[in-house]
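Engineer: Sharing entry35.pdb (PDB, C-alpha atoms) below.
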```pdb
ATOM      1  CA  MET A   1     -45.336 -13.743  62.423
ATOM      2  CA  ARG A   2     -41.664 -14.144  63.244
ATOM      3  CA  LEU A   3     -40.344 -12.848  59.905
ATOM      4  CA  LYS A   4     -42.842 -10.124  59.062
ATOM      5  CA  ASN A   5     -41.615  -7.888  56.209
ATOM      6  CA  LYS A   6     -38.230  -9.641  56.039
ATOM      7  CA  ILE A   7     -36.751 -10.174  52.568
ATOM      8  CA  ALA A   8     -35.313 -13.630  51.878
ATOM      9  CA  ILE A   9     -33.624 -15.659  49.155
ATOM     10  CA  VAL A  10     -33.905 -19.452  49.059
ATOM     11  CA  THR A  11     -31.707 -21.380  46.618
ATOM     12  CA  GLY A  12     -32.620 -24.817  45.304
ATOM     13  CA  ALA A  13     -36.231 -23.855  45.969
ATOM     14  CA  ALA A  14     -38.084 -25.619  43.139
ATOM     15  CA  GLY A  15     -38.780 -28.635  45.355
ATOM     16  CA  GLY A  16     -37.813 -30.620  48.438
ATOM     17  CA  ILE A  17     -36.286 -28.890  51.442
ATOM     18  CA  GLY A  18     -35.787 -25.615  49.570
ATOM     19  CA  LEU A  19     -39.450 -25.312  48.631
ATOM     20  CA  ALA A  20     -40.504 -26.239  52.170
ATOM     21  CA  CYS A  21     -38.230 -23.485  53.513
ATOM     22  CA  ALA A  22     -39.709 -20.948  51.097
ATOM     23  CA  GLN A  23     -43.238 -21.940  52.118
ATOM     24  CA  ALA A  24     -42.406 -21.635  55.814
ATOM     25  CA  LEU A  25     -40.759 -18.224  55.368
ATOM     26  CA  VAL A  26     -43.794 -16.880  53.516
ATOM     27  CA  ARG A  27     -46.120 -18.214  56.233
ATOM     28  CA  GLU A  28     -44.039 -16.335  58.786
ATOM     29  CA  GLY A  29     -44.464 -13.051  56.905
ATOM     30  CA  ALA A  30     -41.343 -12.883  54.722
ATOM     31  CA  LYS A  31     -41.161 -11.918  51.072
ATOM     32  CA  VAL A  32     -39.177 -14.654  49.316
ATOM     33  CA  LEU A  33     -37.180 -14.849  46.101
ATOM     34  CA  LEU A  34     -36.967 -18.508  45.093
ATOM     35  CA  SER A  35     -34.125 -19.629  42.844
ATOM     36  CA  ASP A  36     -33.259 -22.858  41.065
ATOM     37  CA  ILE A  37     -31.979 -24.096  37.724
ATOM     38  CA  ASP A  38     -35.396 -25.719  37.120
ATOM     39  CA  ALA A  39     -37.353 -22.750  35.780
ATOM     40  CA  THR A  40     -40.593 -24.626  35.148
ATOM     41  CA  ARG A  41     -40.966 -26.010  38.669
ATOM     42  CA  GLY A  42     -39.555 -22.871  40.245
ATOM     43  CA  LYS A  43     -42.013 -20.532  38.552
ATOM     44  CA  MET A  44     -44.891 -22.839  39.457
ATOM     45  CA  ALA A  45     -43.788 -22.919  43.095
ATOM     46  CA  ALA A  46     -43.555 -19.131  43.280
ATOM     47  CA  ARG A  47     -47.017 -18.727  41.741
ATOM     48  CA  LYS A  48     -48.518 -21.069  44.323
ATOM     49  CA  LEU A  49     -46.910 -19.091  47.145
ATOM     50  CA  GLY A  50     -48.673 -15.932  45.992
ATOM     51  CA  ARG A  51     -47.862 -12.244  45.933
ATOM     52  CA  ASN A  52     -44.988 -12.477  48.428
ATOM     53  CA  ALA A  53     -42.915 -14.818  46.255
ATOM     54  CA  ARG A  54     -40.945 -14.412  43.043
ATOM     55  CA  PHE A  55     -38.657 -16.739  41.085
ATOM     56  CA  VAL A  56     -35.281 -16.244  39.379
ATOM     57  CA  VAL A  57     -33.230 -18.868  37.556
ATOM     58  CA  CYS A  58     -29.766 -19.160  39.105
ATOM     59  CA  ASP A  59     -26.817 -21.506  38.727
ATOM     60  CA  VAL A  60     -25.221 -21.054  42.134
ATOM     61  CA  GLY A  61     -21.813 -22.133  40.830
ATOM     62  CA  ASP A  62     -21.641 -19.042  38.597
ATOM     63  CA  ALA A  63     -20.587 -15.829  40.347
ATOM     64  CA  THR A  64     -22.254 -13.574  37.786
ATOM     65  CA  GLN A  65     -25.585 -15.335  38.287
ATOM     66  CA  THR A  66     -25.366 -15.287  42.093
ATOM     67  CA  GLN A  67     -24.709 -11.554  42.056
ATOM     68  CA  ALA A  68     -27.665 -11.069  39.720
ATOM     69  CA  LEU A  69     -29.810 -13.132  42.095
ATOM     70  CA  VAL A  70     -29.094 -10.797  45.000
ATOM     71  CA  ARG A  71     -29.684  -7.743  42.797
ATOM     72  CA  ALA A  72     -33.058  -9.172  41.769
ATOM     73  CA  ALA A  73     -34.179  -9.384  45.404
ATOM     74  CA  VAL A  74     -33.053  -5.816  46.044
ATOM     75  CA  LEU A  75     -34.718  -4.490  42.884
ATOM     76  CA  GLU A  76     -37.964  -6.222  43.824
ATOM     77  CA  TRP A  77     -38.131  -5.389  47.539
ATOM     78  CA  GLY A  78     -35.353  -2.916  48.339
ATOM     79  CA  ARG A  79     -33.046  -4.987  50.537
ATOM     80  CA  LEU A  80     -32.059  -8.467  51.737
ATOM     81  CA  ASP A  81     -32.360  -9.831  55.290
ATOM     82  CA  ILE A  82     -32.199 -13.636  55.013
ATOM     83  CA  LEU A  83     -30.467 -16.225  52.828
ATOM     84  CA  ILE A  84     -31.252 -19.934  52.915
ATOM     85  CA  ASN A  85     -28.314 -21.496  51.050
ATOM     86  CA  ASN A  86     -29.970 -24.784  50.099
ATOM     87  CA  ALA A  87     -28.998 -25.712  46.524
ATOM     88  CA  GLY A  88     -27.259 -29.079  46.379
ATOM     89  CA  ILE A  89     -26.695 -32.168  44.244
ATOM     90  CA  ILE A  90     -25.295 -35.681  44.663
ATOM     91  CA  HIS A  91     -23.331 -38.149  42.564
ATOM     92  CA  THR A  92     -23.244 -41.810  43.540
ATOM     93  CA  ALA A  93     -20.068 -43.734  42.696
ATOM     94  CA  GLU A  94     -17.505 -45.853  44.494
ATOM     95  CA  PHE A  95     -14.300 -44.073  45.536
ATOM     96  CA  LEU A  96     -12.143 -45.961  43.017
ATOM     97  CA  ASP A  97     -14.564 -45.259  40.180
ATOM     98  CA  ILE A  98     -15.594 -41.635  40.570
ATOM     99  CA  GLU A  99     -14.498 -39.341  37.747
ATOM    100  CA  GLU A 100     -12.915 -35.951  38.231
ATOM    101  CA  LYS A 101     -15.684 -34.135  36.356
ATOM    102  CA  ASP A 102     -18.334 -35.527  38.709
ATOM    103  CA  PHE A 103     -16.286 -34.691  41.791
ATOM    104  CA  ASP A 104     -15.872 -31.116  40.533
ATOM    105  CA  ARG A 105     -19.544 -30.806  39.575
ATOM    106  CA  VAL A 106     -20.803 -31.649  43.067
ATOM    107  CA  LEU A 107     -18.331 -29.384  44.861
ATOM    108  CA  ARG A 108     -19.119 -26.568  42.423
ATOM    109  CA  VAL A 109     -22.772 -26.551  43.469
ATOM    110  CA  ASN A 110     -22.667 -27.654  47.103
ATOM    111  CA  LEU A 111     -19.579 -25.852  48.399
ATOM    112  CA  LYS A 112     -18.564 -23.198  45.880
ATOM    113  CA  GLY A 113     -22.218 -22.321  45.360
ATOM    114  CA  SER A 114     -22.761 -21.809  49.082
ATOM    115  CA  PHE A 115     -19.697 -19.568  49.168
ATOM    116  CA  LEU A 116     -20.687 -17.502  46.120
ATOM    117  CA  VAL A 117     -24.301 -16.893  47.113
ATOM    118  CA  GLY A 118     -23.285 -16.319  50.722
ATOM    119  CA  GLN A 119     -20.654 -13.782  49.731
ATOM    120  CA  ALA A 120     -23.013 -11.909  47.387
ATOM    121  CA  ALA A 121     -25.736 -11.823  50.037
ATOM    122  CA  ALA A 122     -23.341 -10.718  52.785
ATOM    123  CA  ARG A 123     -21.971  -7.902  50.635
ATOM    124  CA  GLN A 124     -25.492  -6.585  50.154
ATOM    125  CA  MET A 125     -26.279  -6.913  53.860
ATOM    126  CA  LYS A 126     -23.114  -5.010  54.789
ATOM    127  CA  LYS A 127     -24.015  -2.305  52.263
ATOM    128  CA  GLN A 128     -27.390  -1.860  53.980
ATOM    129  CA  GLY A 129     -25.684  -1.174  57.299
ATOM    130  CA  LYS A 130     -25.816  -3.013  60.600
ATOM    131  CA  PRO A 131     -29.438  -3.515  61.701
ATOM    132  CA  LYS A 132     -30.620  -1.306  64.573
ATOM    133  CA  LYS A 133     -32.598  -4.252  65.915
ATOM    134  CA  GLY A 134     -31.996  -7.965  65.421
ATOM    135  CA  SER A 135     -29.617  -9.220  62.759
ATOM    136  CA  TYR A 136     -29.319 -10.481  59.229
ATOM    137  CA  ALA A 137     -29.257 -14.268  58.878
ATOM    138  CA  ILE A 138     -27.605 -16.751  56.534
ATOM    139  CA  VAL A 139     -28.502 -20.433  56.873
ATOM    140  CA  ASN A 140     -26.367 -22.962  55.001
ATOM    141  CA  MET A 141     -27.681 -26.453  54.292
ATOM    142  CA  SER A 142     -25.217 -29.054  55.552
ATOM    143  CA  SER A 143     -25.880 -32.730  56.407
ATOM    144  CA  VAL A 144     -25.148 -35.389  59.012
ATOM    145  CA  ASN A 145     -22.693 -36.521  56.347
ATOM    146  CA  ALA A 146     -20.518 -33.548  57.170
ATOM    147  CA  VAL A 147     -19.622 -35.619  60.246
ATOM    148  CA  LEU A 148     -20.440 -39.177  59.154
ATOM    149  CA  ALA A 149     -19.631 -40.669  55.754
ATOM    150  CA  ILE A 150     -21.170 -42.892  53.081
ATOM    151  CA  PRO A 151     -18.488 -44.563  50.944
ATOM    152  CA  ASN A 152     -20.262 -44.142  47.609
ATOM    153  CA  GLN A 153     -21.153 -40.465  48.204
ATOM    154  CA  VAL A 154     -17.592 -39.138  48.044
ATOM    155  CA  PRO A 155     -17.991 -35.558  46.745
ATOM    156  CA  TYR A 156     -21.242 -35.014  48.638
ATOM    157  CA  VAL A 157     -19.671 -35.971  51.976
ATOM    158  CA  ILE A 158     -16.627 -33.800  51.290
ATOM    159  CA  SER A 159     -18.748 -30.844  50.185
ATOM    160  CA  LYS A 160     -20.898 -30.944  53.320
ATOM    161  CA  GLY A 161     -17.839 -31.118  55.566
ATOM    162  CA  GLY A 162     -16.683 -28.005  53.752
ATOM    163  CA  VAL A 163     -20.056 -26.323  54.318
ATOM    164  CA  ASN A 164     -19.649 -26.786  58.081
ATOM    165  CA  GLN A 165     -16.279 -25.048  58.033
ATOM    166  CA  LEU A 166     -17.563 -22.399  55.627
ATOM    167  CA  THR A 167     -20.349 -21.690  58.117
ATOM    168  CA  LYS A 168     -17.857 -21.153  60.921
ATOM    169  CA  VAL A 169     -15.544 -18.874  58.966
ATOM    170  CA  MET A 170     -18.463 -16.850  57.592
ATOM    171  CA  ALA A 171     -19.896 -16.463  61.088
ATOM    172  CA  LEU A 172     -16.615 -15.094  62.440
ATOM    173  CA  ALA A 173     -15.988 -12.808  59.470
ATOM    174  CA  LEU A 174     -19.507 -11.391  59.290
ATOM    175  CA  ALA A 175     -20.362 -10.964  62.981
ATOM    176  CA  PRO A 176     -19.100  -7.336  63.042
ATOM    177  CA  HIS A 177     -21.669  -6.507  60.345
ATOM    178  CA  GLY A 178     -24.639  -7.901  62.263
ATOM    179  CA  ILE A 179     -24.846 -11.024  60.105
ATOM    180  CA  ARG A 180     -25.393 -14.375  61.810
ATOM    181  CA  VAL A 181     -24.421 -17.550  59.934
ATOM    182  CA  ASN A 182     -25.583 -21.015  60.961
ATOM    183  CA  ALA A 183     -26.153 -24.338  59.248
ATOM    184  CA  ILE A 184     -28.650 -27.181  59.307
ATOM    185  CA  GLY A 185     -27.396 -30.774  59.083
ATOM    186  CA  PRO A 186     -30.411 -32.950  58.241
ATOM    187  CA  GLY A 187     -30.490 -36.698  58.640
ATOM    188  CA  THR A 188     -32.333 -38.692  55.989
ATOM    189  CA  ILE A 189     -35.284 -36.624  54.828
ATOM    190  CA  GLY A 190     -38.041 -37.937  52.574
ATOM    191  CA  THR A 191     -37.072 -35.996  49.458
ATOM    192  CA  GLU A 192     -36.807 -37.252  45.902
ATOM    193  CA  LEU A 193     -33.021 -36.794  46.170
ATOM    194  CA  ALA A 194     -32.744 -38.993  49.258
ATOM    195  CA  ARG A 195     -35.037 -41.692  47.909
ATOM    196  CA  LYS A 196     -32.864 -42.043  44.807
ATOM    197  CA  ALA A 197     -29.563 -41.878  46.682
ATOM    198  CA  VAL A 198     -30.030 -43.962  49.825
ATOM    199  CA  MET A 199     -33.530 -45.484  49.793
ATOM    200  CA  ALA A 200     -33.469 -47.224  46.438
ATOM    201  CA  SER A 201     -33.899 -50.751  47.812
ATOM    202  CA  GLU A 202     -35.258 -52.617  50.845
ATOM    203  CA  GLU A 203     -31.700 -53.306  51.969
ATOM    204  CA  ALA A 204     -30.851 -49.620  51.768
ATOM    205  CA  ARG A 205     -34.032 -48.701  53.654
ATOM    206  CA  LYS A 206     -33.132 -51.076  56.488
ATOM    207  CA  ARG A 207     -29.606 -49.660  56.690
ATOM    208  CA  ILE A 208     -31.010 -46.169  57.182
ATOM    209  CA  PHE A 209     -33.635 -47.145  59.756
ATOM    210  CA  MET A 210     -31.177 -49.302  61.732
ATOM    211  CA  ARG A 211     -29.204 -46.109  62.330
ATOM    212  CA  THR A 212     -32.188 -43.843  63.058
ATOM    213  CA  PRO A 213     -33.565 -44.118  66.621
ATOM    214  CA  LEU A 214     -36.842 -42.382  65.735
ATOM    215  CA  GLY A 215     -37.404 -45.066  63.107
ATOM    216  CA  ARG A 216     -38.599 -42.929  60.226
ATOM    217  CA  LEU A 217     -37.564 -40.460  57.582
ATOM    218  CA  GLY A 218     -37.674 -36.803  58.443
ATOM    219  CA  ASP A 219     -40.156 -34.527  56.713
ATOM    220  CA  VAL A 220     -39.115 -31.444  54.750
ATOM    221  CA  SER A 221     -41.346 -29.331  56.992
ATOM    222  CA  GLU A 222     -39.244 -30.374  59.994
ATOM    223  CA  ILE A 223     -36.147 -28.919  58.350
ATOM    224  CA  ALA A 224     -38.007 -25.786  57.286
ATOM    225  CA  SER A 225     -39.066 -25.128  60.876
ATOM    226  CA  VAL A 226     -35.410 -25.156  61.940
ATOM    227  CA  ALA A 227     -34.571 -22.765  59.097
ATOM    228  CA  VAL A 228     -37.273 -20.345  60.254
ATOM    229  CA  PHE A 229     -35.944 -20.491  63.808
ATOM    230  CA  LEU A 230     -32.349 -19.803  62.730
ATOM    231  CA  ALA A 231     -33.485 -16.961  60.468
ATOM    232  CA  SER A 232     -35.546 -15.348  63.216
ATOM    233  CA  ASP A 233     -34.555 -13.244  66.212
ATOM    234  CA  GLU A 234     -35.360 -16.245  68.409
ATOM    235  CA  ALA A 235     -31.850 -17.413  67.428
ATOM    236  CA  SER A 236     -30.313 -13.970  67.965
ATOM    237  CA  TYR A 237     -27.378 -15.277  70.050
ATOM    238  CA  MET A 238     -26.556 -18.177  67.724
ATOM    239  CA  THR A 239     -23.870 -17.980  65.068
ATOM    240  CA  GLY A 240     -21.315 -20.430  63.687
ATOM    241  CA  GLN A 241     -23.431 -23.431  64.720
ATOM    242  CA  THR A 242     -24.694 -26.475  62.847
ATOM    243  CA  VAL A 243     -28.027 -27.831  64.107
ATOM    244  CA  TYR A 244     -28.731 -31.519  63.365
ATOM    245  CA  PRO A 245     -32.394 -32.561  62.963
ATOM    246  CA  ASP A 246     -31.454 -36.189  62.351
ATOM    247  CA  GLY A 247     -33.852 -38.459  64.234
ATOM    248  CA  GLY A 248     -31.120 -39.243  66.759
ATOM    249  CA  ARG A 249     -28.642 -40.582  64.228
ATOM    250  CA  LEU A 250     -25.511 -38.772  65.372
ATOM    251  CA  ALA A 251     -26.058 -39.860  68.977
ATOM    252  CA  LEU A 252     -26.222 -43.556  68.083
ATOM    253  CA  ASN A 253     -23.182 -45.881  68.200
ATOM    254  CA  TYR A 254     -25.030 -49.163  67.627
ATOM    255  CA  VAL A 255     -28.074 -50.220  65.583
ATOM    256  CA  VAL A 256     -31.773 -50.385  66.429
ATOM    257  CA  PRO A 257     -34.330 -53.028  65.381
ATOM    258  CA  VAL A 258     -36.196 -52.450  62.133
ATOM    259  CA  SER A 259     -39.722 -53.751  61.680
TER     260      SER A 259
END
```
Turn this file's structure into structure tokens for me.
Structural biologist:
Amino acid sequence: MRLKNKIAIVTGAAGGIGLACAQALVREGAKVLLSDIDATRGKMAARKLGRNARFVVCDVGDATQTQALVRAAVLEWGRLDILINNAGIIHTAEFLDIEEKDFDRVLRVNLKGSFLVGQAAARQMKKQGKPKKGSYAIVNMSSVNAVLAIPNQVPYVISKGGVNQLTKVMALALAPHGIRVNAIGPGTIGTELARKAVMASEEARKRIFMRTPLGRLGDVSEIASVAVFLASDEASYMTGQTVYPDGGRLALNYVVPVS
């Protein structure tokens, strides 16, 4: 078990990539505090994961709640070793039509939320002292759309670009405290969020697969495995990086046939 007795927080963990990350962390021996704004699904997920999982409701855009989230992990298990900063939302609208409130809402969760939870977690990690062996780990959830862009996903694209830079600045600032910070930039993964946003029609499906050399959606478990790697000592010399499990999408500058 690569994460035996490690204490972790996963945000946005009621479903999708967040839940898959929580499941993978528990399998690798970690004790995991799941958080989400969806209390019903979150509590159910934690129950299914068993005695090494708990759930706390948290709006990641609220500093008071993010601080309480970190305290809850410490009260339950005594410390914090790992944060998977996964909570995120989208809003689909054309650039000329998007409203300020929707722009602000997405950045509040995706970018400000990553900052607030990351800062609260890092403060606790620093308080615990630099580890004698290994390191603490923070993993932010970015996207290929931190580098690419979809014209009707304006605040999402902007927020994920910000997450990449947040990852770099956190990595530099926190390295002296034994805290590594990396990010994951998934391609199109078969989550409910992605299916609603970019796979809603046959035309949209073809657009995605034309740009994906492996010719399929990614699975949430494939992202979770990267999160486990980055959280473990196997990635002990990695910090400030964004890893892209994207089916080859970023390497492609043409289109591929779609069956």
Engineer: I need the output of the PyMOL selection byres ((chain A and resi 3) around 9) for this file as a ChimeraX atom specification; which residues are they?
Structural biologist: /A:1-2,4-7,25-31,228,231-233
Engineer: Which residues come within 7 Å of stretch 48-65 of chain A, counting only C-alpha atoms, excluding same-chain residues fewer than 3 positions away, as a PyMOL selection string?
Structural biologist: chain A and resi 23+26+31-37+39+42-45+68-69+108-109+112-113+116-117
Engineer: I'd like the contact shell of A:Val144 - 7 Å cut-off, all atoms listed in the file, skipping same-chain residues fewer than 6 positions apart - returned as a list in words.
Structural biologist: Gly185, Pro186, Gly187 and Tyr244 of chain A
Engineer: Just give me the residues with any atom within 12 Å of (-20.9, -31.5, 44.6), file coordinates, counting all atoms listed in the file, written as a VMD selection string.
Structural biologist: chain A and resid 60 to 61 87 to 92 100 to 114 153 to 163
Engineer: Would you put the residues from that selection into a file with C-alpha atoms, as a PDB file, keeping the file's coordinate frame?
Structural biologist:
```pdb
ATOM      1  CA  VAL A  60     -25.221 -21.054  42.134  1.00  0.00           C
ATOM      2  CA  GLY A  61     -21.813 -22.133  40.830  1.00  0.00           C
ATOM      3  CA  ALA A  87     -28.998 -25.712  46.524  1.00  0.00           C
ATOM      4  CA  GLY A  88     -27.259 -29.079  46.379  1.00  0.00           C
ATOM      5  CA  ILE A  89     -26.695 -32.168  44.244  1.00  0.00           C
ATOM      6  CA  ILE A  90     -25.295 -35.681  44.663  1.00  0.00           C
ATOM      7  CA  HIS A  91     -23.331 -38.149  42.564  1.00  0.00           C
ATOM      8  CA  THR A  92     -23.244 -41.810  43.540  1.00  0.00           C
ATOM      9  CA  GLU A 100     -12.915 -35.951  38.231  1.00  0.00           C
ATOM     10  CA  LYS A 101     -15.684 -34.135  36.356  1.00  0.00           C
ATOM     11  CA  ASP A 102     -18.334 -35.527  38.709  1.00  0.00           C
ATOM     12  CA  PHE A 103     -16.286 -34.691  41.791  1.00  0.00           C
ATOM     13  CA  ASP A 104     -15.872 -31.116  40.533  1.00  0.00           C
ATOM     14  CA  ARG A 105     -19.544 -30.806  39.575  1.00  0.00           C
ATOM     15  CA  VAL A 106     -20.803 -31.649  43.067  1.00  0.00           C
ATOM     16  CA  LEU A 107     -18.331 -29.384  44.861  1.00  0.00           C
ATOM     17  CA  ARG A 108     -19.119 -26.568  42.423  1.00  0.00           C
ATOM     18  CA  VAL A 109     -22.772 -26.551  43.469  1.00  0.00           C
ATOM     19  CA  ASN A 110     -22.667 -27.654  47.103  1.00  0.00           C
ATOM     20  CA  LEU A 111     -19.579 -25.852  48.399  1.00  0.00           C
ATOM     21  CA  LYS A 112     -18.564 -23.198  45.880  1.00  0.00           C
ATOM     22  CA  GLY A 113     -22.218 -22.321  45.360  1.00  0.00           C
ATOM     23  CA  SER A 114     -22.761 -21.809  49.082  1.00  0.00           C
ATOM     24  CA  GLN A 153     -21.153 -40.465  48.204  1.00  0.00           C
ATOM     25  CA  VAL A 154     -17.592 -39.138  48.044  1.00  0.00           C
ATOM     26  CA  PRO A 155     -17.991 -35.558  46.745  1.00  0.00           C
ATOM     27  CA  TYR A 156     -21.242 -35.014  48.638  1.00  0.00           C
ATOM     28  CA  VAL A 157     -19.671 -35.971  51.976  1.00  0.00           C
ATOM     29  CA  ILE A 158     -16.627 -33.800  51.290  1.00  0.00           C
ATOM     30  CA  SER A 159     -18.748 -30.844  50.185  1.00  0.00           C
ATOM     31  CA  LYS A 160     -20.898 -30.944  53.320  1.00  0.00           C
ATOM     32  CA  GLY A 161     -17.839 -31.118  55.566  1.00  0.00           C
ATOM     33  CA  GLY A 162     -16.683 -28.005  53.752  1.00  0.00           C
ATOM     34  CA  VAL A 163     -20.056 -26.323  54.318  1.00  0.00           C
TER      35      VAL A 163
END
```
Engineer: Would you mind listing what lies within 7 Å of A:Thr239 as JSON, numbers by chain, with all atoms listed in the file counted and same-chain residues fewer than 3 positions away left out?
Structural biologist: {"A": [171, 180, 181, 182]}
Engineer: Apply the PyMOL selection byres ((chain A and resi 137) around 10) to the file shown and report the selected residues as a list in words.
Structural biologist: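 The output of the PyMOL selection byres ((chain A and resi 137) around 10) on this file is Ala8, Leu80, Asp81, Ile82, Leu83, Ile84, Ala121, Ala122, Met125, Gly134, Ser135, Tyr136, Ile138, Val139, Asn140, Ala171, Gly178, Ile179, Arg180, Val181, Asn182, Leu230, Ala231, Ser232, Asp233, Ala235, Ser236 and Thr239 of chain A.
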Engineer: Find the residue from A:Arg249, A:Arg79, A:Lys196, A:Val226 that sits nearest to A:Ala20; use only C-alpha atoms when measuring.
Structural biologist: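 Using only C-alpha atoms, A:Ala20 sits closest to A:Val226.
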Engineer: Pick the closest to A:Met141 from A:Gly129, A:Gly190, A:Gly118, A:Pro213: which is it, counting only C-alpha atoms?
Structural biologist: A:Gly118
Engineer: So, with all atoms listed in the file as the atoms that count, which of A:Arg205, A:Gln124, A:Ser259, A:Gly18 lies closest to A:Ala72?
Structural biologist: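 Nearest to A:Ala72: A:Gln124.
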Engineer: Pick out the residues sitting within 8 Å of A:Leu217, and hand them over as a VMD selection string; count all atoms listed in the file, and ignore anything fewer than 4 positions along from it in its own chain.
Structural biologist: chain A and resid 188 to 190 247
Engineer: Between atom CA of A:Thr167 and atom CA of A:Ile98, what is the distance in Å, rounded to a tenth?
Structural biologist: 27.0 Å
Engineer: If you measure from atom CA of A:Ala224 to atom CA of A:Pro245, what distance in Å do you get, rounded to one decimal?
Structural biologist: 10.5 Å
Engineer: Take the point (-28.4, -52.7, 63.5) as written in the file and pick out every residue within 8 Å of it, counting only C-alpha atoms; give the list as number ranges by chain.
Structural biologist: A: 207, 210-211, 254-258
Engineer: Point out the residue among A:Gln128, A:Ala14, A:Leu19, A:Ile150 with the least atom-to-atom distance to A:Ala204, counting all atoms listed in the file.
Structural biologist: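 Among A:Gln128, A:Ala14, A:Leu19, A:Ile150, it is A:Ile150 that comes nearest to A:Ala204.
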Engineer: Tell me, in Å to one decimal, how far atom CA of A:Asn253 is from atom CA of A:Met199.
Structural biologist: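 These atoms are spaced 21.1 Å apart.
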Engineer: Nearest to A:Ala173: which of A:Gly248, A:Gly240, A:Gly78, A:Gly12 is it, counting only C-alpha atoms?
Structural biologist: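 Among A:Gly248, A:Gly240, A:Gly78, A:Gly12, it is A:Gly240 that comes nearest to A:Ala173.
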Engineer: Nearest to A:Ala120: which of A:Pro151, A:Ala183, A:Ile9, A:Asn86 is it, counting all atoms listed in the file?
Structural biologist: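 Closest to A:Ala120, using all atoms listed in the file: A:Ile9.
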